[in-house]
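Next comes query20.csv, with CSV, C-alpha atoms and all ligand atoms.
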```csv
chain,number,residue,atom,x,y,z
A,1,MET,CA,23.3,18.9,-23.5
A,2,LYS,CA,20.5,20.4,-21.4
A,3,VAL,CA,18.9,18.5,-18.6
A,4,ILE,CA,15.5,19.4,-17.3
A,5,ALA,CA,13.2,17.7,-14.8
A,6,LEU,CA,9.4,17.7,-14.6
A,7,TYR,CA,9.2,17.9,-10.8
A,8,ASN,CA,6.6,18.7,-8.2
A,9,LEU,CA,6.2,17.4,-4.6
A,10,LYS,CA,2.6,16.7,-5.5
A,11,GLY,CA,1.3,13.9,-7.7
A,12,GLY,CA,-1.3,14.2,-10.4
A,13,VAL,CA,-0.3,17.7,-11.5
A,14,GLY,CA,0.8,16.9,-15.1
A,15,LYS,CA,4.5,16.0,-14.7
A,16,THR,CA,4.2,12.9,-16.9
A,17,ALA,CA,1.8,14.5,-19.4
A,18,GLY,CA,4.4,17.4,-19.6
A,19,THR,CA,7.3,15.0,-20.0
A,20,VAL,CA,5.7,13.0,-22.8
A,21,ASN,CA,4.4,16.0,-24.8
A,22,LEU,CA,7.4,18.3,-24.3
A,23,GLY,CA,9.8,15.4,-25.0
A,24,TYR,CA,8.0,14.6,-28.2
A,25,LEU,CA,8.0,18.3,-29.3
A,26,SER,CA,11.7,18.6,-28.5
A,27,ALA,CA,12.5,15.7,-30.8
A,28,LEU,CA,10.1,17.0,-33.4
A,29,ALA,CA,12.0,20.3,-33.4
A,30,GLY,CA,15.2,18.5,-34.2
A,31,PHE,CA,16.8,18.0,-30.8
A,32,ARG,CA,18.2,14.6,-30.0
A,33,THR,CA,16.0,13.9,-27.0
A,34,LEU,CA,16.1,11.4,-24.2
A,35,ILE,CA,13.3,10.9,-21.6
A,36,TRP,CA,14.3,9.2,-18.4
A,37,ASP,CA,11.4,7.8,-16.6
A,38,LEU,CA,12.5,8.0,-12.9
A,39,ASP,CA,9.1,7.2,-11.5
A,40,PRO,CA,8.7,3.5,-10.6
A,41,GLN,CA,5.0,3.8,-11.6
A,42,GLY,CA,6.4,4.0,-15.2
A,43,ALA,CA,3.7,6.2,-16.6
A,44,SER,CA,5.8,7.8,-19.3
A,45,THR,CA,7.2,4.4,-20.2
A,46,PHE,CA,3.6,3.2,-20.7
A,47,TYR,CA,2.7,6.2,-22.9
A,48,PHE,CA,5.5,5.2,-25.3
A,49,ARG,CA,4.4,1.6,-25.4
A,50,ILE,CA,7.7,0.4,-23.9
A,51,LYS,CA,8.1,-2.5,-21.5
A,52,PRO,CA,9.0,-1.1,-18.1
A,53,LYS,CA,12.0,-3.3,-17.6
A,54,VAL,CA,15.6,-2.3,-17.5
A,55,SER,CA,17.5,-5.5,-18.3
A,56,GLY,CA,19.5,-6.4,-15.2
A,57,GLY,CA,17.5,-3.8,-13.3
A,58,ARG,CA,18.7,-1.2,-11.0
A,59,LYS,CA,21.7,-3.0,-9.5
A,60,LYS,CA,23.4,-3.4,-12.9
A,61,LEU,CA,22.6,0.1,-13.9
A,62,MET,CA,24.0,1.6,-10.7
A,63,LYS,CA,27.2,-0.4,-10.8
A,64,GLY,CA,27.9,0.8,-14.4
A,65,LYS,CA,31.1,2.7,-14.4
A,66,GLY,CA,32.9,4.4,-17.3
A,67,GLY,CA,31.9,3.4,-20.8
A,68,HIS,CA,28.3,3.8,-21.6
A,69,PRO,CA,26.4,2.4,-18.7
A,70,LEU,CA,23.1,3.6,-20.1
A,71,ASP,CA,23.4,2.1,-23.5
A,72,ASP,CA,22.1,-1.3,-22.7
A,73,HIS,CA,18.9,0.2,-21.2
A,74,ILE,CA,17.9,3.1,-23.5
A,75,ARG,CA,15.1,2.2,-25.9
A,76,GLY,CA,14.1,3.9,-29.1
A,77,THR,CA,10.5,5.1,-29.4
A,78,ASP,CA,8.2,5.3,-32.5
A,79,PHE,CA,9.5,8.8,-33.0
A,80,GLU,CA,12.6,10.0,-34.7
A,81,LEU,CA,15.3,11.5,-32.4
A,82,LEU,CA,13.3,10.4,-29.3
A,83,ASP,CA,14.7,7.8,-26.9
A,84,LEU,CA,13.4,6.6,-23.6
A,85,MET,CA,15.1,5.2,-20.5
A,86,PRO,CA,12.3,3.1,-19.1
A,87,ALA,CA,11.1,3.0,-15.5
A,88,ASP,CA,12.0,-0.1,-13.6
A,89,PHE,CA,10.1,-1.3,-10.6
A,90,SER,CA,13.3,-1.8,-8.8
A,91,TYR,CA,13.6,2.0,-8.7
A,92,ARG,CA,11.5,1.7,-5.7
A,93,LYS,CA,14.5,0.5,-3.9
A,94,MET,CA,16.7,3.2,-5.5
A,95,ASP,CA,16.7,5.5,-2.6
A,96,SER,CA,18.0,2.9,-0.1
A,97,ALA,CA,20.6,1.8,-2.7
A,98,LEU,CA,21.7,5.4,-3.3
A,99,ASP,CA,22.0,5.9,0.5
A,100,GLU,CA,24.7,3.3,0.4
A,101,ILE,CA,26.9,4.8,-2.3
A,102,LYS,CA,29.2,7.7,-1.8
A,103,LYS,CA,28.3,11.0,-3.3
A,104,SER,CA,24.9,9.7,-4.2
A,105,GLU,CA,23.8,13.2,-5.3
A,106,ARG,CA,26.3,13.0,-8.1
A,107,TRP,CA,25.1,9.6,-9.4
A,108,LEU,CA,22.7,10.8,-11.9
A,109,SER,CA,24.9,13.4,-13.4
A,110,ARG,CA,27.7,10.8,-13.7
A,111,MET,CA,25.3,8.6,-15.6
A,112,LEU,CA,24.2,11.3,-18.0
A,113,LYS,CA,27.7,12.4,-18.7
A,114,SER,CA,28.2,9.1,-20.5
A,115,VAL,CA,25.5,10.1,-23.1
A,116,ALA,CA,26.3,13.8,-23.2
A,117,ASP,CA,27.5,13.5,-26.8
A,118,GLU,CA,24.4,11.7,-27.9
A,119,TYR,CA,21.6,14.0,-26.7
A,120,ASP,CA,20.8,17.7,-26.9
A,121,VAL,CA,17.9,17.6,-24.4
A,122,ILE,CA,17.2,15.2,-21.5
A,123,PHE,CA,13.9,15.2,-19.7
A,124,LEU,CA,13.6,13.5,-16.3
A,125,ASP,CA,10.1,12.4,-15.3
A,126,CYS,CA,10.2,12.5,-11.5
A,127,PRO,CA,8.3,10.8,-8.7
A,128,PRO,CA,6.5,13.2,-6.4
A,129,SER,CA,8.9,13.2,-3.4
A,130,ILE,CA,11.9,14.7,-1.8
A,131,SER,CA,14.2,11.7,-1.6
A,132,THR,CA,17.8,10.7,-2.3
A,133,THR,CA,16.7,10.3,-6.0
A,134,SER,CA,15.3,13.8,-6.1
A,135,GLU,CA,18.5,15.2,-4.4
A,136,ALA,CA,20.4,13.6,-7.3
A,137,VAL,CA,18.0,15.3,-9.7
A,138,PHE,CA,18.5,18.7,-8.1
A,139,HIS,CA,22.3,18.3,-8.5
A,140,THR,CA,22.0,17.3,-12.1
A,141,VAL,CA,19.5,19.6,-13.9
A,142,ASP,CA,19.8,22.9,-15.6
A,143,ALA,CA,16.2,23.8,-14.4
A,144,LEU,CA,13.2,22.3,-12.7
A,145,LEU,CA,10.0,22.6,-14.6
A,146,VAL,CA,7.2,22.6,-12.1
A,147,PRO,CA,3.6,21.9,-13.3
A,148,MET,CA,1.1,23.3,-10.9
A,149,ILE,CA,-2.7,23.2,-10.7
A,150,PRO,CA,-3.6,26.8,-9.7
A,151,THR,CA,-4.7,26.4,-6.1
A,152,THR,CA,-3.5,27.9,-2.9
A,153,LEU,CA,-2.0,24.6,-1.8
A,154,SER,CA,0.1,24.3,-4.9
A,155,VAL,CA,1.6,27.7,-4.3
A,156,ARG,CA,2.5,26.6,-0.8
A,157,THR,CA,4.1,23.5,-2.1
A,158,LEU,CA,6.2,25.6,-4.5
A,159,GLU,CA,7.4,27.7,-1.5
A,160,GLN,CA,8.4,24.5,0.4
A,161,LEU,CA,10.4,23.4,-2.6
A,162,THR,CA,12.1,26.8,-2.9
A,163,SER,CA,13.0,26.9,0.8
A,164,HIS,CA,14.3,23.3,0.7
A,165,LEU,CA,16.6,24.2,-2.2
A,166,ASP,CA,17.7,27.3,-0.4
A,167,THR,CA,18.6,25.6,2.8
A,168,ASN,CA,20.5,22.9,0.9
A,169,GLY,CA,22.8,25.2,-1.0
A,170,LEU,CA,20.8,24.9,-4.2
A,171,GLY,CA,19.2,28.3,-4.2
A,172,ASP,CA,20.6,29.1,-7.6
A,173,LEU,CA,18.8,26.3,-9.3
A,174,PRO,CA,16.2,27.8,-11.7
A,175,ILE,CA,12.6,26.9,-10.8
A,176,TRP,CA,10.3,27.4,-13.7
A,177,PRO,CA,6.6,26.8,-12.8
A,178,PHE,CA,3.8,26.6,-15.3
A,179,PHE,CA,0.1,26.1,-14.7
A,180,SER,CA,-1.5,22.9,-15.8
A,181,ILE,CA,-4.9,21.2,-15.8
A,182,VAL,CA,-6.3,24.8,-15.7
A,183,ASP,CA,-10.0,25.4,-15.7
A,184,ARG,CA,-10.6,29.1,-16.3
A,185,ARG,CA,-14.2,28.7,-15.3
A,186,LYS,CA,-13.0,28.2,-11.7
A,187,LYS,CA,-12.6,31.4,-9.8
A,188,MET,CA,-9.7,30.1,-7.8
A,189,HIS,CA,-7.8,29.2,-10.9
A,190,ARG,CA,-8.3,32.6,-12.4
A,191,GLU,CA,-7.4,34.4,-9.2
A,192,LEU,CA,-4.2,32.4,-8.5
A,193,MET,CA,-3.0,32.9,-12.0
A,194,ALA,CA,-3.6,36.6,-11.8
A,195,GLN,CA,-1.7,36.7,-8.5
A,196,VAL,CA,1.6,35.5,-10.1
A,197,GLU,CA,1.2,37.2,-13.4
A,198,SER,CA,4.0,39.6,-12.7
A,199,GLN,CA,6.4,36.9,-11.6
A,200,ASP,CA,8.9,36.2,-14.4
A,201,ALA,CA,9.7,32.7,-13.2
A,202,TYR,CA,6.2,31.5,-14.4
A,203,PHE,CA,5.8,30.7,-18.0
A,204,ASP,CA,3.1,32.7,-19.9
A,205,THR,CA,1.7,29.5,-21.4
A,206,PHE,CA,-0.6,27.3,-19.3
A,207,ILE,CA,-2.0,23.9,-20.1
A,208,PRO,CA,-5.8,23.8,-20.0
A,209,SER,CA,-7.7,20.9,-18.6
A,210,ALA,CA,-8.5,19.0,-21.8
A,211,SER,CA,-10.0,15.7,-22.7
A,212,ALA,CA,-7.3,15.3,-25.3
A,213,VAL,CA,-4.7,15.0,-22.6
A,214,GLU,CA,-6.8,12.5,-20.7
A,215,GLN,CA,-7.1,10.6,-24.0
A,216,MET,CA,-3.3,10.0,-24.0
A,217,GLY,CA,-3.8,7.0,-21.8
A,218,VAL,CA,-6.0,5.4,-24.5
A,219,GLU,CA,-4.0,6.4,-27.5
A,220,ARG,CA,-0.6,5.9,-25.7
A,221,SER,CA,0.8,8.8,-27.7
A,222,PRO,CA,1.7,12.4,-27.3
A,223,VAL,CA,-1.3,14.7,-27.8
A,224,ALA,CA,0.2,16.3,-31.0
A,225,VAL,CA,0.1,12.9,-32.7
A,226,PHE,CA,-3.6,12.2,-32.5
A,227,ALA,CA,-5.1,15.6,-31.6
A,228,GLY,CA,-2.8,18.1,-33.2
A,229,GLY,CA,-5.4,20.8,-33.8
A,230,THR,CA,-6.5,21.0,-30.2
A,231,VAL,CA,-5.9,23.8,-27.7
A,232,ALA,CA,-4.0,21.4,-25.5
A,233,ALA,CA,-1.6,20.5,-28.4
A,234,LYS,CA,-1.0,24.1,-29.2
A,235,SER,CA,-0.4,24.9,-25.6
A,236,TYR,CA,2.3,22.3,-25.2
A,237,LEU,CA,3.8,23.7,-28.4
A,238,ASN,CA,3.8,27.2,-27.1
A,239,LEU,CA,5.3,26.0,-23.8
A,240,TRP,CA,8.0,24.2,-25.6
A,241,GLY,CA,8.8,27.4,-27.5
A,242,GLU,CA,9.2,29.3,-24.2
A,243,ILE,CA,11.3,26.5,-22.7
A,244,GLN,CA,13.6,26.4,-25.7
A,245,ALA,CA,14.1,30.2,-25.5
A,246,ARG,CA,15.0,30.0,-21.8
A,247,LEU,CA,17.4,27.2,-22.3
A,248,GLY,CA,19.0,29.3,-25.1
A,249,ILE,CA,19.0,26.4,-27.6
A,250,SER,CA,18.0,26.1,-31.2
A,251,PRO,CA,17.8,23.0,-33.4
A,252,GLY,CA,21.0,22.2,-35.2
A,253,GLY,CA,22.7,25.1,-33.3
A,254,ALA,CA,24.5,25.5,-30.1
A,301,LIG,N1,-4.1,19.1,-19.1
A,301,LIG,C1,-4.8,18.1,-18.6
A,301,LIG,N2,-6.1,18.0,-18.8
A,301,LIG,C2,-6.8,17.0,-18.3
A,301,LIG,N3,-6.3,16.0,-17.7
A,301,LIG,C3,-4.9,16.0,-17.4
A,301,LIG,C4,-4.1,17.1,-17.9
A,301,LIG,N4,-2.8,16.8,-17.6
A,301,LIG,C5,-2.9,15.6,-16.9
A,301,LIG,N5,-4.1,15.1,-16.8
A,301,LIG,C6,-4.5,13.9,-16.2
A,301,LIG,O1,-4.3,14.0,-14.8
A,301,LIG,C7,-3.7,12.8,-14.3
A,301,LIG,C8,-2.4,13.1,-13.7
A,301,LIG,O2,-1.5,13.5,-14.8
A,301,LIG,P1,0.0,13.1,-14.8
A,301,LIG,O3,0.7,13.8,-15.9
A,301,LIG,O4,0.2,11.6,-14.7
A,301,LIG,O5,0.5,13.7,-13.4
A,301,LIG,P2,1.8,13.4,-12.5
A,301,LIG,O6,2.8,12.8,-13.4
A,301,LIG,O7,2.2,14.8,-12.0
A,301,LIG,O8,1.4,12.5,-11.4
A,301,LIG,C9,-3.7,11.8,-15.5
A,301,LIG,O9,-4.8,11.0,-15.4
A,301,LIG,C10,-3.7,12.7,-16.7
A,301,LIG,O10,-4.4,12.1,-17.8
A,302,MG,MG,3.9,11.0,-13.3
```
Once more with this new file: its structure as structure tokens, please.
Ligand SMILES: Nc1ncnc2c1ncn2[C@@H]1O[C@H](COP(=O)(O)OP(=O)(O)O)[C@@H](O)[C@H]1O
Ligand SMILES: [Mg+2]
Amino acid sequence: MKVIALYNLKGGVGKTAGTVNLGYLSALAGFRTLIWDLDPQGASTFYFRIKPKVSGGRKKLMKGKGGHPLDDHIRGTDFELLDLMPADFSYRKMDSALDEIKKSERWLSRMLKSVADEYDVIFLDCPPSISTTSEAVFHTVDALLVPMIPTTLSVRTLEQLTSHLDTNGLGDLPIWPFFSIVDRRKKMHRELMAQVESQDAYFDTFIPSASAVEQMGVERSPVAVFAGGTVAAKSYLNLWGEIQARLGISPGGA
């Protein structure tokens, strides 16, 4: 089981769009895939037409020990091999609840261990913050996928994340940035992308600014489902190919 988080300290950079599209493509490729919507705003839950309610809410979920504490909460989607753990508005209180339990940074990995046999790939759609929840994310994932709009400020935010991880003993956690909502007509976008071209951590694929991605809110579907021929859909497919290679996984294989 591989666990990856779509994470950035900034909001509105394409974390949720990335989660929904990459999660869909992972399942389409044959991986048993789970998306966990950790953002109380519940955007990825919305895109999959699922009610943003975890029955019993956060309290019940966090108390769950042993057995399969997530099973009551996970929902199927319209797509084969793709399940979703919906957002719950009580997540808003998750940080304070996590502050009260011991080894809170291990909470998420403990939860996911219970479904390790059921999924090949797990995507975490994260809220834009450094919090107790995100600390648990950092201690759980195999890599952080960081969508970035190519601006000077975004690069600075990435440096802040790197130094935060370094000072907290998590310097080995792979950070994999990719550019999203890219407008090649903008000089700053072109320049920023050229600047990091030689850095291996960045994916070669970028996600262009595209009306098809904006349309997801209306269609409530991954782009590939309703606009498969578009550049945006192809970009997500290429990006998934790169991610799959970095994770060293292949469908039906190890
Ligand atoms: N590639 C893209 N092209 C155009 N609009 C995009 C693209 N990716 C995301 N958006 C739009 O930008 C907004 C923020 O995207 P979202 O994925 O929700 O970001 P985050 O989860 O990081 O807050 C949404 O309205 C979404 O429709
Ligand atoms: Mg989001």
All residues 7 Å or closer to Asn8 in chain A, only C-alpha atoms, same chain fewer than 3 positions away omitted, as a ChimeraX atom specification: /A:128,146-147
Between atom N3 of ligand LIG 301 (chain A) and CA of Gly241 in chain A, distance in Å (one decimal):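 That distance, rounded to one decimal, is 21.3 Å.
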Test item: residues lying within 6 Å of ligand MG 302 (chain A) with all atoms listed in the file, as a ChimeraX atom specification: /A:15-16,43
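In this model, the gap between atom O4 of ligand LIG 301 (chain A) and CA of Thr19 in chain A comes to 9.5 Å.
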Polymer residues at most 10 Å from Ser104 in chain A, only C-alpha atoms, same-chain spacing of 6 or more positions, as a list of chain:residue names: A:Asp95, A:Ala97, A:Leu98, A:Arg110, A:Thr132, A:Thr133, A:Glu135, A:Ala136, A:His139
